[in-house]
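Next comes target32.cif, a file with mmCIF, C-alpha atoms.
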data_final
#
loop_
_atom_site.label_atom_id
_atom_site.label_comp_id
_atom_site.auth_asym_id
_atom_site.auth_seq_id
_atom_site.Cartn_x
_atom_site.Cartn_y
_atom_site.Cartn_z
CA MET A 595 133.22 134.00 77.53
CA ALA A 596 135.26 135.63 74.85
CA THR A 597 135.70 132.32 73.22
CA GLY A 598 136.65 132.88 69.60
CA SER A 599 139.03 135.74 70.16
CA GLU A 600 142.07 133.71 70.98
CA ALA A 601 145.43 134.94 69.81
CA HIS A 602 145.48 132.71 66.74
CA ALA A 603 141.77 133.32 66.00
CA THR A 604 140.01 129.98 66.19
CA THR A 605 137.29 129.53 63.62
CA ALA A 606 133.79 128.68 64.74
CA SER A 607 134.01 125.13 63.46
CA GLU A 608 137.36 124.58 65.15
CA TYR A 609 135.89 125.90 68.38
CA ILE A 610 132.96 123.51 68.31
CA VAL A 611 134.96 120.49 67.19
CA HIS A 612 137.44 121.17 69.95
CA HIS A 613 134.65 121.43 72.48
CA LEU A 614 133.05 118.19 71.38
CA ALA A 615 136.24 116.16 71.74
CA GLN A 616 136.56 114.06 74.86
CA MET A 617 139.59 113.94 77.07
CA ASN A 618 140.38 110.28 76.55
CA THR A 619 143.22 107.87 77.19
CA SER A 620 144.44 108.11 73.59
CA GLY A 621 145.16 111.81 73.94
CA HIS A 622 143.49 112.77 70.66
CA PRO A 623 139.88 112.66 69.45
CA GLN A 624 138.66 109.13 68.80
CA ALA A 625 138.78 108.31 65.10
CA LYS A 626 136.75 105.13 64.90
CA ILE A 627 133.06 105.02 65.84
CA VAL A 628 133.64 102.10 68.20
CA ASP A 629 136.99 101.57 69.86
CA PHE A 630 136.99 99.71 73.15
CA SER A 631 140.68 100.39 73.81
CA ILE A 632 139.85 103.99 74.74
CA LEU A 633 138.39 105.43 77.95
CA ASN A 634 136.84 108.90 78.20
CA LEU A 635 138.51 110.17 81.35
CA ASP A 636 136.38 113.30 81.60
CA THR A 637 133.08 111.40 81.46
CA ILE A 638 134.27 108.90 84.04
CA PHE A 639 135.69 111.61 86.27
CA PHE A 640 132.64 113.85 86.27
CA SER A 641 130.09 111.06 86.58
CA ILE A 642 131.93 109.50 89.51
CA VAL A 643 132.65 112.79 91.28
CA ILE A 644 129.09 114.03 90.86
CA GLY A 645 127.62 110.65 91.82
CA VAL A 646 129.81 110.30 94.89
CA LEU A 647 129.20 113.87 96.06
CA ALA A 648 125.45 113.47 95.63
CA LEU A 649 125.42 110.18 97.48
CA LEU A 650 127.58 111.48 100.32
CA PHE A 651 125.28 114.46 100.64
CA MET A 652 122.23 112.22 100.74
CA ARG A 653 124.01 109.86 103.12
CA ARG A 654 124.61 112.74 105.51
CA ILE A 655 120.93 113.61 105.46
CA ALA A 656 119.98 109.95 105.91
CA LYS A 657 122.33 109.64 108.87
CA ASN A 658 120.82 112.59 110.71
CA VAL A 659 117.30 111.84 109.59
CA THR A 660 114.56 112.49 112.11
CA SER A 661 110.99 111.30 112.14
CA GLY A 662 110.08 114.50 113.97
CA VAL A 663 110.06 117.92 112.35
CA PRO A 664 112.44 117.68 109.37
CA GLY A 665 114.93 120.36 108.43
CA ARG A 666 114.76 121.96 105.00
CA THR A 667 117.36 119.72 103.38
CA GLN A 668 115.74 116.63 104.80
CA ALA A 669 112.32 117.82 103.68
CA ALA A 670 113.66 118.46 100.18
CA LEU A 671 115.13 114.98 99.91
CA GLU A 672 111.97 113.52 101.40
CA ILE A 673 109.86 115.18 98.71
CA ILE A 674 112.01 113.68 95.93
CA LEU A 675 112.15 110.32 97.66
CA GLU A 676 108.39 110.19 98.16
CA MET A 677 107.85 111.16 94.53
CA VAL A 678 110.15 108.36 93.34
CA ASN A 679 108.67 105.90 95.81
CA ASN A 680 105.12 106.65 94.73
CA GLN A 681 106.03 106.22 91.08
CA ALA A 682 107.81 102.96 91.89
CA LYS A 683 104.79 101.70 93.83
CA GLY A 684 102.52 102.46 90.90
CA ILE A 685 104.71 100.75 88.33
CA VAL A 686 106.60 97.91 90.03
CA HIS A 687 104.11 95.88 92.02
CA SER A 688 106.55 93.59 93.82
CA ALA A 689 107.51 95.07 97.20
CA GLU A 690 110.56 92.82 97.27
CA SER A 691 111.84 94.17 93.95
CA ARG A 692 111.12 97.74 95.01
CA LYS A 693 113.72 97.39 97.75
CA PHE A 694 116.31 97.64 95.00
CA VAL A 695 114.40 99.28 92.17
CA ALA A 696 113.14 102.31 94.09
CA PRO A 697 116.60 103.32 95.40
CA LEU A 698 117.92 102.67 91.89
CA ALA A 699 115.34 105.04 90.44
CA LEU A 700 116.20 107.69 93.04
CA THR A 701 119.92 107.34 92.29
CA VAL A 702 119.29 107.60 88.57
CA PHE A 703 117.11 110.68 88.96
CA ILE A 704 119.48 112.59 91.24
CA TRP A 705 122.60 111.51 89.40
CA ILE A 706 121.33 112.34 85.92
CA PHE A 707 119.83 115.61 87.13
CA LEU A 708 123.19 116.71 88.51
CA MET A 709 125.20 115.49 85.52
CA ASN A 710 122.80 117.33 83.23
CA SER A 711 123.11 120.42 85.41
CA MET A 712 126.79 120.70 84.50
CA ASP A 713 125.40 122.32 81.37
CA PHE A 714 124.59 125.41 83.42
CA LEU A 715 128.25 126.16 83.96
CA PRO A 716 129.60 128.48 81.27
CA VAL A 717 130.65 126.20 78.39
CA ASP A 718 134.22 127.41 78.47
CA LEU A 719 134.75 127.67 82.22
CA LEU A 720 136.03 124.22 83.13
CA PRO A 721 137.70 123.48 79.75
CA ARG A 722 139.64 126.75 80.01
CA LEU A 723 140.64 126.13 83.61
CA TRP A 724 141.71 122.63 82.68
CA ALA A 725 143.70 123.87 79.72
CA ALA A 726 145.44 126.37 81.97
CA ALA A 727 146.09 123.76 84.66
CA ALA A 728 147.40 121.23 82.15
CA GLY A 729 149.53 123.88 80.44
CA ASP A 730 148.14 122.85 77.07
CA PRO A 731 145.77 125.29 75.32
CA HIS A 732 144.47 122.40 73.21
CA ALA A 733 143.62 120.12 76.13
CA TYR A 734 140.21 118.53 75.62
CA LEU A 735 137.54 118.39 78.27
CA ARG A 736 133.78 117.77 78.24
CA VAL A 737 132.01 118.33 81.51
CA VAL A 738 128.51 116.98 80.78
CA ALA A 739 128.78 113.23 81.25
CA THR A 740 125.26 112.71 79.91
CA ALA A 741 126.22 114.41 76.66
CA ASP A 742 128.57 111.48 76.05
CA LEU A 743 126.83 108.49 74.46
CA ASN A 744 129.00 106.16 76.53
CA GLY A 745 127.62 107.67 79.71
CA THR A 746 123.94 107.38 78.78
CA LEU A 747 124.18 104.02 77.02
CA GLY A 748 126.15 102.72 79.98
CA MET A 749 123.22 103.58 82.22
CA SER A 750 120.58 102.24 79.86
CA ILE A 751 122.51 98.97 79.48
CA GLY A 752 122.63 98.86 83.27
CA VAL A 753 118.84 99.11 83.25
CA LEU A 754 118.71 96.34 80.63
CA LEU A 755 120.78 94.09 82.89
CA VAL A 756 118.40 94.81 85.76
CA CYS A 757 115.47 93.91 83.48
CA ILE A 758 117.09 90.63 82.45
CA TYR A 759 117.83 89.85 86.09
CA TYR A 760 114.20 90.34 87.08
CA ASN A 761 112.91 88.48 84.02
CA VAL A 762 114.92 85.45 85.10
CA LYS A 763 114.13 85.92 88.79
CA ILE A 764 110.37 86.29 88.40
CA LYS A 765 109.69 83.90 85.52
CA GLY A 766 112.57 81.48 85.98
CA LEU A 767 115.17 80.97 83.23
CA GLY A 768 112.94 78.44 81.45
CA GLY A 769 109.88 80.63 81.76
CA TRP A 770 111.67 83.63 80.34
CA VAL A 771 113.16 81.69 77.42
CA HIS A 772 109.71 80.27 76.79
CA GLU A 773 108.32 83.80 76.74
CA LEU A 774 111.07 84.95 74.37
CA PHE A 775 109.91 82.39 71.80
CA THR A 776 106.15 82.40 72.33
CA ALA A 777 105.30 86.05 72.91
CA PRO A 778 103.94 88.28 71.45
CA PHE A 779 102.41 86.25 68.56
CA GLY A 780 101.63 82.94 70.25
CA SER A 781 102.98 79.47 70.77
CA HIS A 782 103.49 77.79 67.40
CA PRO A 783 106.78 76.37 66.14
CA LEU A 784 106.47 78.44 62.99
CA LEU A 785 106.16 81.60 65.05
CA TYR A 786 109.16 80.92 67.30
CA PRO A 787 111.74 82.74 65.15
CA VAL A 788 109.41 85.68 64.55
CA ASN A 789 108.65 86.00 68.24
CA PHE A 790 112.29 85.78 69.19
CA LEU A 791 113.25 88.39 66.61
CA MET A 792 110.54 90.71 67.89
CA GLN A 793 111.69 90.29 71.47
CA ILE A 794 115.30 91.02 70.59
CA ILE A 795 114.29 94.08 68.62
CA GLU A 796 112.15 95.20 71.53
CA PHE A 797 115.00 94.91 74.01
CA LEU A 798 117.43 96.66 71.65
CA ALA A 799 114.98 99.44 70.88
CA LYS A 800 114.17 100.03 74.52
CA THR A 801 117.77 100.17 75.60
CA ILE A 802 119.14 102.23 72.71
CA SER A 803 116.27 104.72 72.74
CA HIS A 804 116.57 104.98 76.52
CA GLY A 805 120.22 106.00 76.30
CA MET A 806 119.94 107.94 73.06
CA ARG A 807 117.05 110.12 74.22
CA LEU A 808 119.02 111.50 77.15
CA PHE A 809 122.22 111.77 75.13
CA GLY A 810 120.46 113.56 72.26
CA ASN A 811 118.83 116.11 74.50
CA MET A 812 121.97 116.93 76.42
CA TYR A 813 124.21 116.90 73.36
CA ALA A 814 121.87 119.25 71.53
CA GLY A 815 121.66 121.49 74.58
CA GLU A 816 125.41 121.67 74.90
CA LEU A 817 125.81 122.38 71.21
CA LEU A 818 123.35 125.24 71.44
CA PHE A 819 125.25 126.74 74.36
CA MET A 820 128.38 126.62 72.19
CA LEU A 821 126.63 128.36 69.30
CA ILE A 822 125.36 131.01 71.70
CA ALA A 823 128.89 131.40 73.04
CA LEU A 824 130.07 131.98 69.48
CA MET A 825 127.66 134.91 69.20
CA GLY A 826 129.27 136.56 72.19
CA ALA A 827 132.66 135.86 70.70
CA ALA A 828 131.83 138.17 67.80
CA TRP A 829 132.52 141.11 70.11
CA GLY A 830 135.61 142.96 69.04
CA GLY A 831 135.39 141.41 65.57
CA PRO A 832 135.79 143.31 62.31
CA SER A 833 132.37 144.94 62.52
CA MET A 834 131.50 146.83 65.69
CA VAL A 835 127.76 146.86 64.84
CA THR A 836 127.29 143.16 64.12
CA GLY A 837 129.69 142.29 66.92
CA GLY A 838 127.73 144.35 69.41
CA LEU A 839 124.38 143.04 68.22
CA LEU A 840 125.57 139.45 68.40
CA TRP A 841 126.96 140.07 71.85
CA ILE A 842 123.53 141.30 72.99
CA GLY A 843 122.04 138.29 71.19
CA HIS A 844 124.29 136.08 73.24
CA ILE A 845 122.94 137.53 76.45
CA ILE A 846 119.29 137.20 75.44
CA ALA A 847 119.61 133.77 73.82
CA GLY A 848 121.91 132.48 76.54
CA LEU A 849 119.50 133.56 79.23
CA GLY A 850 116.48 132.13 77.43
CA TRP A 851 118.12 128.84 76.59
CA ALA A 852 119.58 128.40 80.07
CA ILE A 853 116.17 128.94 81.66
CA PHE A 854 114.52 126.56 79.20
CA HIS A 855 117.32 124.10 79.79
CA ILE A 856 116.39 123.89 83.48
CA LEU A 857 113.18 122.27 82.30
CA ILE A 858 114.99 119.92 79.92
CA VAL A 859 117.55 118.90 82.53
CA THR A 860 114.84 118.02 85.06
CA LEU A 861 112.51 116.50 82.52
CA GLN A 862 115.16 114.25 80.99
CA ALA A 863 116.25 113.04 84.43
CA PHE A 864 112.62 112.33 85.26
CA ILE A 865 111.96 110.56 81.94
CA PHE A 866 115.03 108.38 82.35
CA MET A 867 113.93 107.45 85.87
CA MET A 868 110.35 106.74 84.80
CA LEU A 869 111.45 104.57 81.88
CA THR A 870 113.79 102.67 84.19
CA LEU A 871 110.80 101.90 86.41
CA VAL A 872 108.57 101.06 83.44
CA TYR A 873 111.09 98.66 81.89
CA VAL A 874 111.74 96.94 85.20
CA GLY A 875 107.99 96.79 85.77
CA GLN A 876 107.55 95.14 82.36
CA ALA A 877 110.13 92.54 83.34
CA HIS A 878 107.75 91.52 86.14
CA GLU A 879 104.79 90.97 83.85
CA SER A 880 104.21 87.86 81.82
CA HIS A 881 102.84 88.18 78.33
CA MET B 1109 129.34 110.26 69.60
CA ASN B 1110 131.84 107.47 69.61
CA LEU B 1111 131.55 104.34 71.67
CA ASN B 1112 134.42 103.07 73.75
CA ALA B 1113 135.24 101.33 77.01
CA THR B 1114 133.75 104.24 79.00
CA LEU B 1115 130.47 102.40 78.42
CA PHE B 1116 131.51 99.54 80.71
CA ALA B 1117 132.95 101.84 83.33
CA GLN B 1118 129.64 103.69 83.39
CA ILE B 1119 127.71 100.42 83.86
CA VAL B 1120 129.88 99.58 86.88
CA VAL B 1121 129.52 103.07 88.35
CA PHE B 1122 125.76 102.90 87.77
CA PHE B 1123 125.43 99.74 89.86
CA LEU B 1124 127.81 100.90 92.58
CA LEU B 1125 125.88 104.14 93.08
CA ALA B 1126 122.55 102.32 93.08
CA TRP B 1127 123.89 99.82 95.57
CA PHE B 1128 125.11 102.59 97.85
CA THR B 1129 121.72 104.31 97.77
CA MET B 1130 119.92 101.05 98.44
CA LYS B 1131 122.19 100.25 101.35
CA PHE B 1132 122.84 103.59 103.06
CA VAL B 1133 120.47 106.30 101.85
CA TRP B 1134 117.07 104.82 101.15
CA PRO B 1135 116.36 102.69 104.24
CA PRO B 1136 116.92 105.31 107.01
CA ILE B 1137 114.85 107.94 105.23
CA VAL B 1138 112.00 105.57 104.41
CA ARG B 1139 112.07 104.34 107.98
CA ALA B 1140 111.85 107.90 109.28
CA LEU B 1141 109.00 108.66 106.89
CA ASP B 1142 107.07 105.57 107.98
CA GLU B 1143 107.72 106.40 111.60
CA ARG B 1144 106.51 109.94 111.11
CA ALA B 1145 103.39 108.69 109.33
CA LYS B 1146 102.74 106.41 112.29
CA ARG B 1147 103.30 109.22 114.76
CA ILE B 1148 100.90 111.44 112.89
CA ALA B 1149 98.31 108.66 112.82
CA ASP B 1150 98.82 108.12 116.54
CA GLY B 1151 98.54 111.82 117.19
CA LEU B 1152 95.28 112.04 115.26
CA GLU B 1153 93.92 109.08 117.14
CA ALA B 1154 94.98 110.62 120.46
CA ALA B 1155 93.31 113.87 119.48
CA GLU B 1156 90.13 111.96 118.67
CA ARG B 1157 90.32 110.23 122.00
CA GLY B 1158 91.01 113.52 123.78
CA LYS B 1159 87.96 115.01 122.15
CA ALA B 1160 85.80 112.13 123.35
CA ASP B 1161 87.28 112.49 126.83
CA LEU B 1162 86.56 116.19 126.81
CA ASP B 1163 82.96 115.54 125.79
CA ARG B 1164 82.57 113.07 128.59
CA ALA B 1165 84.15 115.44 131.10
CA MET B 1166 81.90 118.25 129.92
CA ARG B 1167 78.84 116.10 130.37
CA HIS B 1168 80.09 115.07 133.78
CA ALA B 1169 80.74 118.67 134.77
CA THR B 1170 77.25 119.75 133.69
CA GLU B 1171 75.78 116.90 135.69
CA SER B 1172 77.83 117.85 138.75
CA MET B 1173 76.85 121.45 138.40
CA ARG B 1174 73.18 120.56 138.24
CA GLU B 1175 73.54 118.34 141.29
CA GLY B 1176 75.41 121.06 143.15
CA LYS B 1177 72.73 123.59 142.36
CA GLU B 1178 70.05 121.23 143.58
CA LYS B 1179 71.95 120.58 146.74
CA ALA B 1180 72.51 124.27 147.36
CA ALA B 1181 68.81 124.96 146.91
CA ASP B 1182 68.03 122.20 149.38
CA VAL B 1183 70.45 123.58 151.89
CA LEU B 1184 69.04 127.05 151.43
CA ALA B 1185 65.47 125.88 151.98
CA GLN B 1186 66.50 123.89 155.01
CA ALA B 1187 68.40 126.85 156.45
CA GLU B 1188 65.41 129.08 155.95
CA LYS B 1189 63.17 126.59 157.73
CA ARG B 1190 65.62 126.23 160.53
CA GLY B 1191 65.95 130.00 160.85
CA LEU B 1192 62.23 130.38 161.20
CA GLN B 1193 62.21 127.62 163.72
CA ILE B 1194 64.97 129.28 165.73
CA ILE B 1195 63.10 132.57 165.67
CA GLU B 1196 59.91 130.86 166.85
CA GLU B 1197 61.80 129.15 169.62
CA ALA B 1198 63.47 132.35 170.67
CA LYS B 1199 60.15 134.13 170.69
CA ALA B 1200 58.61 131.46 172.89
CA GLN B 1201 61.57 131.49 175.20
CA ALA B 1202 61.52 135.27 175.44
CA LYS B 1203 57.84 135.18 176.32
CA VAL B 1204 58.47 132.65 179.06
CA GLU B 1205 61.35 134.73 180.33
CA ALA B 1206 59.32 137.89 180.23
CA ASP B 1207 56.48 136.23 182.10
CA LYS B 1208 58.91 135.03 184.68
CA VAL B 1209 60.37 138.52 185.10
CA LEU B 1210 56.91 139.98 185.26
CA ALA B 1211 55.83 137.50 187.94
CA GLY B 1212 59.02 138.21 189.91
CA SER B 1213 58.40 141.94 189.75
CA ARG B 1214 54.80 141.55 190.75
CA ALA B 1215 55.79 139.41 193.76
CA GLU B 1216 58.39 141.94 194.74
CA ILE B 1217 55.89 144.78 194.49
CA ASP B 1218 53.40 142.82 196.63
CA GLN B 1219 56.09 142.12 199.14
CA GLU B 1220 57.10 145.76 199.21
CA ALA B 1221 53.50 146.86 199.65
CA ALA B 1222 52.98 144.39 202.47
CA ARG B 1223 56.07 145.62 204.22
CA ALA B 1224 54.97 149.25 203.84
CA ARG B 1225 51.53 148.32 205.15
CA GLU B 1226 53.14 146.55 208.07
CA GLU B 1227 55.29 149.60 208.81
CA LEU B 1228 52.31 151.88 208.43
CA ARG B 1229 50.35 149.65 210.74
CA GLY B 1230 53.04 149.97 213.41
CA ARG B 1231 53.23 153.71 213.03
CA VAL B 1232 49.46 154.16 213.03
CA ALA B 1233 49.29 152.34 216.38
CA GLU B 1234 52.03 154.54 217.79
CA LEU B 1235 50.38 157.65 216.39
CA ALA B 1236 47.00 156.68 217.75
CA ILE B 1237 48.46 155.94 221.16
CA ALA B 1238 50.41 159.22 221.16
CA GLY B 1239 47.19 161.09 220.16
CA ALA B 1240 45.06 159.30 222.67
CA GLU B 1241 47.67 159.92 225.36
CA LYS B 1242 47.47 163.59 224.68
CA ILE B 1243 43.64 163.69 224.67
CA LEU B 1244 43.02 161.46 227.46
CA ARG B 1245 46.06 162.22 229.57
CA ARG B 1246 44.66 161.41 232.96
CA GLU B 1247 41.88 159.04 232.77
CA ILE B 1248 43.49 156.52 230.71
CA ASP B 1249 44.63 153.28 231.98
CA LEU B 1250 47.57 152.83 229.72
CA LYS B 1251 47.60 149.12 229.98
CA ALA B 1252 43.91 148.45 229.38
CA HIS B 1253 43.61 150.96 226.58
CA THR B 1254 46.77 149.86 224.81
CA GLU B 1255 45.22 146.45 224.56
CA MET B 1256 42.05 147.88 223.15
CA LEU B 1257 43.92 150.07 220.70
CA SER B 1258 46.08 147.30 219.45
CA LEU B 1259 42.84 145.39 218.79
CA ILE B 1260 41.64 148.31 216.73
CA ALA B 1261 44.98 148.56 214.98
CA ARG B 1262 44.79 144.90 214.06
CA GLU B 1263 41.47 145.54 212.40
CA LEU B 1264 43.00 148.24 210.31
#

Can you turn what I pasted into structure tokens?
Amino acid sequence: MATGSEAHATTASEYIVHHLAQMNTSGHPQAKIVDFSILNLDTIFFSIVIGVLALLFMRRIAKNVTSGVPGRTQAALEIILEMVNNQAKGIVHSAESRKFVAPLALTVFIWIFLMNSMDFLPVDLLPRLWAAAAGDPHAYLRVVATADLNGTLGMSIGVLLVCIYYNVKIKGLGGWVHELFTAPFGSHPLLYPVNFLMQIIEFLAKTISHGMRLFGNMYAGELLFMLIALMGAAWGGPSMVTGGLLWIGHIIAGLGWAIFHILIVTLQAFIFMMLTLVYVGQAHESH
Amino acid sequence: MNLNATLFAQIVVFFLLAWFTMKFVWPPIVRALDERAKRIADGLEAAERGKADLDRAMRHATESMREGKEKAADVLAQAEKRGLQIIEEAKAQAKVEADKVLAGSRAEIDQEAARAREELRGRVAELAIAGAEKILRREIDLKAHTEMLSLIAREL
């Protein structure tokens, strides 16, 4: 990963800024914070490809599933599925809802785990290949779909929609609206606006923190991999000694961070799944 | 960290993937797991039943063995008794047989002795006559003296 030593000598900040730019429909990095005319093609591509591959893989196992002695792949999927199912049983008490919520939690766990795992590829591998394939050395590409706020907020808003659906389904539209105005402080006309405000804040906080937590972890992880890559890029620089030391630093830090990142990748996928279950479970409970 | 329309695309993808899992991945695996759980439960129950059966069979076998032993002892005792009986019978029969043989032999010996005596008697008469003939050559009336001699011989 001799990243910085391009012919025209990219600076460290240029390298990182370039790496953090999405390949989007506008062709250049997005200028405004919010601009709904733009699509991040890389995020969409990687999340769909990873999701579809994972599902097809699981579908193949499910098709050949046996209730006798399971093969290793089947056993592996069974372990994850049982884990998710047990969590779902403990949190969402309606068996009817679990028919959708438990598979949803499994999908979320597997999908996020795999999208996060794209971090284990060398940070420059796919962007470089893409730049070569596109014939443009400045082509942008980000491979970790969960390090894009759109990706994670998209999923957490999906969870919010599921929560709203179950709120209405379990409590009835009237019951839910009633709850919005009377909980958590009680049923008094003076308290209605306060209650409603609290409820809205609660929903916003849940959803935004849900998406932001995953995004923040993966974004930070990716950024650290880039900084580590910059250490290795010091090889062949003006000073042989510092270059060499930094290169060794890259190996040690890269190894350490990658190993630690395995934990983060799994943990964040698990946390996102658990919170999905918890939020949906809350939608089933009346205040 | 900019927001754009990717957000909505991701929401759609999120639901499509979840739908696919719910429809095509989750149910077969859960069904297989439930089925396996049932099979294991059945197997455990069958093992329990097998154990009970084995216990019963063991008890039955012990009972049969005891009965068999008893029967064998009975048979043995009976056989012994019968053996003794047969020996006794044989002994008795042999004694009878021996007595019979003995009696036969004795009769035969008597008969033989009688015949020898008879023969001897005949010869004695002849001898006596021949002797008397020689001694008395002339003065003997053969007829009258033969009669007398045969009287003597009869008294022998």

Residues returned when the PyMOL selection byres ((chain B) within 9 of (chain A)) runs on this file, as a ChimeraX atom specification: /B:1109-1123,1125-1145,1147

Atomic distance atom CA of A:Thr605 - atom CA of A:Ile856, expressed in Å with one decimal: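 If I compute the distance from atom CA of A:Thr605 to atom CA of A:Ile856, I get 29.4 Å.
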
Interatomic distance (Å, one decimal) between atom CA of A:Glu690 and atom CA of A:Tyr873: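 Rounded to one decimal, the two atoms are 16.5 Å apart.
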
Atom CA of B:Glu1227 to atom CA of B:Lys1251, distance in Å rounded to a single decimal: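 Computing the Euclidean distance for atom CA of B:Glu1227 and atom CA of B:Lys1251 yields 22.5 Å.
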
Which of A:Ile644, A:Ile865, A:Leu840, A:Ala777 sits closest to A:Leu708 [using all atoms listed in the file]: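 For A:Leu708, the nearest of the candidates is A:Ile644.
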
Might you pull out every residue within 12 Å of stretch 724-732 of chain A, with only C-alpha atoms counted and same-chain residues fewer than 4 positions away left off, and present them as a JSON list (two decimals) with C-alpha atoms, keeping the file's coordinate frame?
[["chain", "number", "residue", "atom", "x", "y", "z"],
["A", 600, "GLU", "CA", 142.07, 133.71, 70.98],
["A", 601, "ALA", "CA", 145.43, 134.94, 69.81],
["A", 602, "HIS", "CA", 145.48, 132.71, 66.74],
["A", 604, "THR", "CA", 140.01, 129.98, 66.19],
["A", 608, "GLU", "CA", 137.36, 124.58, 65.15],
["A", 609, "TYR", "CA", 135.89, 125.90, 68.38],
["A", 611, "VAL", "CA", 134.96, 120.49, 67.19],
["A", 612, "HIS", "CA", 137.44, 121.17, 69.95],
["A", 613, "HIS", "CA", 134.65, 121.43, 72.48],
["A", 615, "ALA", "CA", 136.24, 116.16, 71.74],
["A", 616, "GLN", "CA", 136.56, 114.06, 74.86],
["A", 617, "MET", "CA", 139.59, 113.94, 77.07],
["A", 621, "GLY", "CA", 145.16, 111.81, 73.94],
["A", 622, "HIS", "CA", 143.49, 112.77, 70.66],
["A", 623, "PRO", "CA", 139.88, 112.66, 69.45],
["A", 636, "ASP", "CA", 136.38, 113.30, 81.60],
["A", 718, "ASP", "CA", 134.22, 127.41, 78.47],
["A", 719, "LEU", "CA", 134.75, 127.67, 82.22],
["A", 720, "LEU", "CA", 136.03, 124.22, 83.13],
["A", 736, "ARG", "CA", 133.78, 117.77, 78.24],
["A", 737, "VAL", "CA", 132.01, 118.33, 81.51]]

Pick from B:Ala1180, B:Leu1210, B:Ala1221, B:Ala1233, whichever lies nearest to B:Thr1254 using only C-alpha atoms: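 Of B:Ala1180, B:Leu1210, B:Ala1221, B:Ala1233, the one nearest B:Thr1254, counting only C-alpha atoms, is B:Ala1233.
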
To box stretch 860-878 of chain A, take all atoms listed in the file, fit an axis-aligned box, add 8 Å on each side, and give centre and edge lengths in Å to one decimal, as lines of an AutoDock Vina configuration file.
center_x = 111.9
center_y = 104.8
center_z = 83.7
size_x = 24.7
size_y = 42.5
size_z = 21.4

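For the choices A:Val678, A:Met712, A:Leu767, A:Ala606, the atom-to-atom distance to A:Met825 is smallest for A:Ala606 when using all atoms listed in the file.
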
All residues 12 Å or closer to B:Leu1264, only C-alpha atoms, same chain fewer than 4 positions away omitted, as number ranges by chain: B: 1225-1226, 1228-1233, 1236, 1257-1260
